[in-house]
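Asks: So here's start_1.cif (mmCIF, C-alpha atoms).
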data_protein
loop_
_atom_site.label_atom_id
_atom_site.label_comp_id
_atom_site.auth_asym_id
_atom_site.auth_seq_id
_atom_site.Cartn_x
_atom_site.Cartn_y
_atom_site.Cartn_z
CA MET A 24 81.78 44.51 114.76
CA GLU A 25 85.28 45.73 114.10
CA SER A 26 88.12 43.35 114.90
CA GLN A 27 91.04 44.25 117.15
CA SER A 28 93.36 44.36 114.15
CA GLU A 29 91.06 46.84 112.38
CA LEU A 30 90.98 49.09 115.45
CA ARG A 31 94.75 48.97 115.74
CA THR A 32 95.09 49.83 112.07
CA GLN A 33 92.89 52.89 112.62
CA ILE A 34 95.00 53.91 115.60
CA LYS A 35 98.21 53.61 113.59
CA ASP A 36 96.72 55.52 110.67
CA LEU A 37 95.67 58.37 112.96
CA LEU A 38 99.09 58.47 114.60
CA VAL A 39 100.75 58.76 111.22
CA SER A 40 98.33 61.25 109.66
CA LYS A 41 97.07 63.51 112.45
CA SER A 42 100.16 63.49 114.67
CA GLY A 43 102.39 64.21 111.68
CA LEU A 44 100.07 67.02 110.63
CA LYS A 45 100.11 68.57 114.10
CA GLN A 46 103.89 68.36 114.26
CA ARG A 47 104.17 70.30 110.98
CA VAL A 48 101.77 72.91 112.35
CA PHE A 49 103.84 73.20 115.53
CA ASP A 50 107.05 73.60 113.53
CA ASN A 51 105.51 76.39 111.44
CA THR A 52 104.18 78.13 114.55
CA ASN A 53 107.57 77.93 116.22
CA THR A 54 109.29 79.32 113.12
CA LEU A 55 106.76 82.16 113.01
CA PHE A 56 107.28 82.92 116.69
CA ASN A 57 111.05 83.15 116.25
CA GLU A 58 110.49 85.51 113.31
CA LEU A 59 108.12 87.53 115.48
CA LYS A 60 110.72 87.85 118.23
CA ASP A 61 113.26 89.04 115.69
CA VAL A 62 110.79 91.67 114.42
CA LEU A 63 110.06 92.86 117.97
CA HIS A 64 113.75 93.19 118.80
CA GLU A 65 114.51 95.04 115.57
CA PHE A 66 111.50 97.31 115.97
CA SER A 67 112.30 98.25 119.56
CA THR A 68 115.93 99.07 118.70
CA GLU A 69 115.03 101.22 115.69
CA ILE A 70 112.21 103.16 117.36
CA ASP A 71 114.17 103.69 120.56
CA GLU A 72 117.06 105.19 118.60
CA GLU A 73 114.74 107.41 116.56
CA LEU A 74 113.05 108.73 119.71
CA ASP A 75 116.21 109.02 121.80
CA GLU A 76 116.57 112.78 121.36
CA LYS A 77 112.85 113.55 121.53
CA LEU A 78 111.49 111.80 124.60
CA ASP A 79 111.84 111.74 128.36
CA LYS A 80 114.36 109.01 129.21
CA ARG A 81 111.66 107.22 131.18
CA ILE A 82 109.65 106.67 128.00
CA ARG A 83 111.27 103.74 126.26
CA ILE A 84 110.52 100.95 123.83
CA GLU A 85 112.06 97.88 125.40
CA TYR A 86 112.06 94.28 124.16
CA SER A 87 112.54 91.26 126.41
CA ASP A 88 112.84 87.61 125.40
CA ARG A 89 111.08 85.49 128.03
CA GLY A 90 112.08 82.09 126.71
CA LYS A 91 110.98 79.76 123.94
CA PHE A 92 107.30 80.64 124.06
CA GLU A 93 106.99 84.22 125.34
CA ALA A 94 108.27 87.66 124.41
CA ARG A 95 107.37 91.14 125.62
CA ILE A 96 107.70 94.65 124.34
CA GLN A 97 107.22 97.59 126.70
CA MET A 98 105.98 100.86 125.27
CA ALA A 99 106.11 103.41 128.09
CA GLY A 100 103.10 102.51 130.29
CA ASP A 101 102.00 99.54 128.17
CA VAL A 102 103.34 96.03 127.70
CA LEU A 103 102.44 93.69 124.88
CA VAL A 104 102.94 90.02 125.74
CA PHE A 105 103.33 87.62 122.80
CA ALA A 106 102.73 84.02 123.87
CA MET A 107 102.97 80.97 121.65
CA HIS A 108 100.71 78.08 122.67
CA THR A 109 102.42 74.70 122.41
CA ASN A 110 99.28 72.86 121.29
CA VAL A 111 97.51 72.69 117.94
CA PHE A 112 93.82 73.56 117.63
CA THR A 113 90.87 73.26 115.32
CA PHE A 114 87.68 75.31 115.67
CA GLU A 115 84.15 75.01 117.02
CA ARG A 116 81.53 74.13 114.45
CA ASP A 117 80.00 77.63 114.27
CA HIS A 118 83.31 79.39 113.60
CA ARG A 119 83.50 81.31 110.34
CA ILE A 120 86.50 79.27 109.22
CA TRP A 121 84.15 76.50 108.06
CA HIS A 122 82.65 78.85 105.45
CA ASN A 123 86.08 79.39 103.92
CA GLN A 124 86.48 77.57 100.60
CA TYR A 125 90.17 76.83 101.28
CA VAL A 126 89.19 74.87 104.41
CA GLN A 127 86.14 73.27 102.80
CA GLU A 128 88.42 71.72 100.17
CA ASP A 129 90.54 70.05 102.88
CA ASN A 130 89.52 70.21 106.53
CA GLN A 131 93.05 69.36 107.67
CA ARG A 132 93.87 72.95 106.77
CA SER A 133 91.80 74.04 109.76
CA TYR A 134 94.38 72.74 112.24
CA CYS A 135 96.31 75.75 113.46
CA GLY A 136 98.91 76.84 115.93
CA VAL A 137 98.26 80.12 117.74
CA ILE A 138 100.24 83.07 119.06
CA ASN A 139 98.29 85.26 121.49
CA ILE A 140 98.91 88.99 121.97
CA TYR A 141 97.95 90.46 125.36
CA ASN A 142 98.02 94.07 126.50
CA PHE A 143 98.97 94.80 130.12
CA LEU A 144 99.92 97.88 132.05
CA SER A 145 103.68 98.02 132.64
CA ASP A 146 103.05 98.89 136.30
CA SER A 147 101.25 95.56 136.71
CA PHE A 148 104.62 93.81 136.20
CA LYS A 149 106.71 96.49 137.90
CA PHE A 150 104.71 96.35 141.14
CA LYS A 151 103.87 92.63 140.86
CA ARG A 152 100.12 93.21 140.91
CA ALA A 153 99.14 89.62 140.30
CA ASP A 154 95.40 90.39 140.17
CA ASP A 155 95.69 92.97 137.40
CA GLU A 156 93.97 92.13 134.15
CA GLY A 157 95.41 92.02 130.67
CA TYR A 158 93.40 91.98 127.47
CA LEU A 159 93.68 89.76 124.42
CA VAL A 160 94.10 92.24 121.57
CA GLY A 161 95.02 89.75 118.87
CA ARG A 162 95.89 86.18 117.96
CA ILE A 163 97.69 84.81 114.95
CA PHE A 164 96.73 81.41 113.51
CA ILE A 165 98.96 79.41 111.14
CA ASN A 166 98.51 75.98 109.58
CA HIS A 167 100.72 73.27 108.10
CA GLU A 168 100.83 75.03 104.72
CA ASN A 169 102.05 78.30 106.28
CA LYS A 170 98.73 79.96 105.54
CA PHE A 171 97.51 82.29 108.27
CA PHE A 172 94.79 84.58 109.52
CA VAL A 173 94.49 87.02 112.42
CA GLU A 174 91.71 87.70 114.91
CA GLY A 175 92.02 90.90 116.85
CA LYS A 176 91.56 94.57 117.35
CA ARG A 177 92.28 96.55 114.15
CA GLN A 178 93.56 93.38 112.42
CA GLU A 179 91.11 93.65 109.55
CA ARG A 180 93.55 92.91 106.71
CA TRP A 181 93.98 89.18 107.36
CA ARG A 182 90.59 88.06 108.65
CA VAL A 183 89.46 84.45 108.45
CA ASP A 184 87.64 85.11 105.16
CA SER A 185 91.04 85.57 103.47
CA PHE A 186 92.56 82.43 105.03
CA GLY A 187 94.43 80.43 102.39
CA GLN A 188 95.15 83.35 100.08
CA GLU A 189 98.55 84.29 101.48
CA SER A 190 101.47 82.62 103.24
CA ILE A 191 102.97 84.28 106.29
CA SER A 192 105.76 86.76 105.54
CA ARG A 193 108.00 89.07 107.50
CA GLN A 194 106.14 92.07 106.10
CA ALA A 195 102.86 90.64 107.42
CA VAL A 196 104.41 90.02 110.85
CA VAL A 197 105.64 93.63 111.01
CA GLU A 198 102.19 94.98 110.17
CA ILE A 199 100.44 92.70 112.69
CA VAL A 200 102.81 93.91 115.42
CA GLU A 201 102.40 97.58 114.47
CA ARG A 202 98.60 97.31 114.44
CA ALA A 203 98.61 95.66 117.90
CA MET A 204 100.88 98.42 119.21
CA LEU A 205 98.74 101.21 117.76
CA TYR A 206 95.58 99.74 119.24
CA SER A 207 97.14 99.23 122.68
CA LEU A 208 98.63 102.74 122.83
CA GLY A 209 95.22 104.19 121.99
CA PHE A 210 93.40 101.86 124.41
CA ASP A 211 93.35 104.15 127.45
CA LEU A 212 93.13 103.38 131.15
CA LEU A 213 89.61 104.32 132.29
CA MET A 214 88.58 105.18 135.82
CA PRO A 215 86.40 102.22 136.88
CA PRO A 216 82.76 102.81 137.83
CA TYR A 217 82.27 103.72 141.48
CA ASP A 218 80.36 100.51 142.25
CA ALA A 219 83.18 98.37 140.85
CA VAL A 220 85.68 99.63 143.45
CA LYS A 221 83.52 100.74 146.37
CA ASN A 222 84.61 97.80 148.55
CA ALA A 223 88.16 97.07 149.72
CA ASN A 224 89.71 94.76 152.29
CA ILE A 225 92.39 95.19 154.94
CA GLU A 226 94.97 93.13 153.07
CA GLN A 227 94.92 95.60 150.18
CA PHE A 228 96.05 98.39 152.47
CA GLU A 229 98.28 96.44 154.83
CA SER A 230 100.55 95.35 151.97
CA ARG A 231 103.70 97.36 151.39
CA MET A 232 103.14 100.66 149.63
CA GLU A 233 105.62 99.74 146.91
CA ASN A 234 103.63 96.58 146.15
CA PRO A 235 99.99 97.68 146.14
CA LYS A 236 97.35 95.01 145.67
CA LEU A 237 94.43 97.11 144.47
CA GLN A 238 93.43 95.58 141.16
CA THR A 239 93.98 97.69 138.06
CA GLY A 240 93.11 97.12 134.42
CA LYS A 241 92.39 99.31 131.44
CA ARG A 242 88.70 98.41 131.52
CA LEU A 243 88.21 97.28 135.12
CA GLY A 244 84.48 97.17 135.75
CA TYR A 245 83.63 97.51 132.07
CA GLU A 246 82.91 94.83 129.49
CA PHE A 247 85.78 94.36 127.03
CA CYS A 248 84.03 93.72 123.73
CA THR A 249 85.17 91.72 120.74
CA ASP A 250 83.17 93.92 118.42
CA ASP A 251 85.81 94.28 115.75
CA ILE A 252 87.42 90.85 115.89
#
Starting from the file, lay out its structure as structure tokens.
Replies:
Amino acid sequence: MESQSELRTQIKDLLVSKSGLKQRVFDNTNTLFNELKDVLHEFSTEIDEELDEKLDKRIRIEYSDRGKFEARIQMAGDVLVFAMHTNVFTFERDHRIWHNQYVQEDNQRSYCGVINIYNFLSDSFKFKRADDEGYLVGRIFINHENKFFVEGKRQERWRVDSFGQESISRQAVVEIVERAMLYSLGFDLLMPPYDAVKNANIEQFESRMENPKLQTGKRLGYEFCTDDI
């Protein structure tokens, strides 16, 4: 039976090792998120200027900083929301990360911070449609050694199999953002199946016309697959 002093020693060792590790992961994730916000701001300014003479004034690329852990970029009728989670994660036992040699050599490398990328319709925010659905189109993982991988739509370059081969860079951040934008712009709003919208309630029609409550999403009534993640 372990003595109280042995248990306390284990507690202290875990506080020093695991808590310190998670703090380094958080710091790297926060640094990456600030870099990401800088890329989004720069991208929106450059593209908006390039398109200024070509597009309807209502079609803009607009960046907004929503605080320490969220940023948005609006692309005409689409919004990408970039959200940094404040916690550090590892992975379920059947995740492919455990087949990666880099992680097998040191399982502490599996602890990652995450930045999620969601695609919403811009009208969902404009008209405050709280029930509208957004879709996770990507998520960036980074560990204490600044190694990273990406899960998401069209993010095939930095899959988990390549985790450990490359440190995060500004060039990589730019490409991740551009791939998320391209996917979202090509991810069209589909008319939902009849049976998915055949019922409505009084509240949906009694609300003000400028603030409709009928739920809308790009794939409302359809299954959103993770086939290429």
Asks: Grab the CA of Asn166 in chain A to CA of Val102 in chain A distance for me, in Å with one decimal place.
Replies: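 If I compute the distance from CA of Asn166 in chain A to CA of Val102 in chain A, I get 27.5 Å.
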Asks: Choose the residue, out of A:Ser192, A:Ser185, A:Ser40, A:Gln97, that has the smallest atom-to-atom separation from Leu59 in chain A; count all atoms listed in the file.
Replies: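 When distances to Leu59 in chain A are compared using all atoms listed in the file, the smallest one comes from A:Ser192.
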Asks: Which one of A:Ile34, A:Met204, A:Leu63, A:Val126 sits closest to Glu168 in chain A if you count all atoms listed in the file?
Replies: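 Of A:Ile34, A:Met204, A:Leu63, A:Val126, the one nearest Glu168 in chain A is A:Val126, counting all atoms listed in the file.
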Asks: In Å, how far is it from CA of Phe150 in chain A to CA of Arg89 in chain A?
Replies: 18.2 Å
Asks: Residues within 6 Å of (108.0, 81.8, 121.0), file coordinates, counting only C-alpha atoms: what are they? Give the list as a PyMOL selection string.
Replies: chain A and resi 56-57+91-93+107
Asks: Work out how far apart CA of Gln124 in chain A and CA of Gly187 in chain A are and give it in Å to one decimal.
Replies: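 Between these atoms lies a distance of 8.6 Å.
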Asks: Using all atoms listed in the file, which of the listed residues (A:Asn222, A:Gln27, A:Thr68, A:Ser207) sits closest to Asn142 in chain A?
Replies: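 Checking each candidate against Asn142 in chain A, we get A:Ser207 as the closest.
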Asks: Considering all atoms listed in the file, state which residue in the set A:Asp101, A:Glu174, A:Glu115, A:Asp184 is at the smallest distance from Phe148 in chain A.
Replies: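 Checking each candidate against Phe148 in chain A, we get A:Asp101 as the closest.
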Asks: Please expand the PyMOL selection byres ((chain A and resi 104) around 7) into the concrete residues it hits in this file, giving the result as a list in words.
Replies: Ala94, Arg95, Ile96, Val102, Leu103, Phe105, Ala106, Ile140, Tyr141 and Asn142 of chain A
Asks: Could you tell me which residues the PyMOL selection byres ((chain A and resi 164) around 10) returns for this structure, as a PDB file with C-alpha atoms, keeping the file's coordinate frame?
Replies:
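New file selection.pdb:
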ATOM      1  CA  VAL A  48     101.770  72.910 112.350  1.00  0.00           C
ATOM      2  CA  THR A  52     104.180  78.130 114.550  1.00  0.00           C
ATOM      3  CA  VAL A 111      97.510  72.690 117.940  1.00  0.00           C
ATOM      4  CA  PHE A 112      93.820  73.560 117.630  1.00  0.00           C
ATOM      5  CA  SER A 133      91.800  74.040 109.760  1.00  0.00           C
ATOM      6  CA  TYR A 134      94.380  72.740 112.240  1.00  0.00           C
ATOM      7  CA  CYS A 135      96.310  75.750 113.460  1.00  0.00           C
ATOM      8  CA  GLY A 136      98.910  76.840 115.930  1.00  0.00           C
ATOM      9  CA  VAL A 137      98.260  80.120 117.740  1.00  0.00           C
ATOM     10  CA  ILE A 138     100.240  83.070 119.060  1.00  0.00           C
ATOM     11  CA  ASN A 139      98.290  85.260 121.490  1.00  0.00           C
ATOM     12  CA  ARG A 162      95.890  86.180 117.960  1.00  0.00           C
ATOM     13  CA  ILE A 163      97.690  84.810 114.950  1.00  0.00           C
ATOM     14  CA  ILE A 165      98.960  79.410 111.140  1.00  0.00           C
ATOM     15  CA  ASN A 166      98.510  75.980 109.580  1.00  0.00           C
ATOM     16  CA  ASN A 169     102.050  78.300 106.280  1.00  0.00           C
ATOM     17  CA  LYS A 170      98.730  79.960 105.540  1.00  0.00           C
ATOM     18  CA  PHE A 171      97.510  82.290 108.270  1.00  0.00           C
ATOM     19  CA  PHE A 172      94.790  84.580 109.520  1.00  0.00           C
ATOM     20  CA  VAL A 173      94.490  87.020 112.420  1.00  0.00           C
ATOM     21  CA  GLU A 174      91.710  87.700 114.910  1.00  0.00           C
ATOM     22  CA  VAL A 183      89.460  84.450 108.450  1.00  0.00           C
ATOM     23  CA  PHE A 186      92.560  82.430 105.030  1.00  0.00           C
ATOM     24  CA  ILE A 191     102.970  84.280 106.290  1.00  0.00           C
TER      25      ILE A 191
END
Asks: Between A:Gly100, A:Glu29, A:Arg83, A:Asn53, which residue has the minimum interatomic distance to Ser67 in chain A, considering all atoms listed in the file?
Replies: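 Smallest separation from Ser67 in chain A among the options: A:Arg83.
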Asks: For Glu198 in chain A, which of A:Asp50, A:Arg182, A:Val62, A:Thr113 is the closest residue, counting all atoms listed in the file?
Replies: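 Nearest to Glu198 in chain A: A:Val62.
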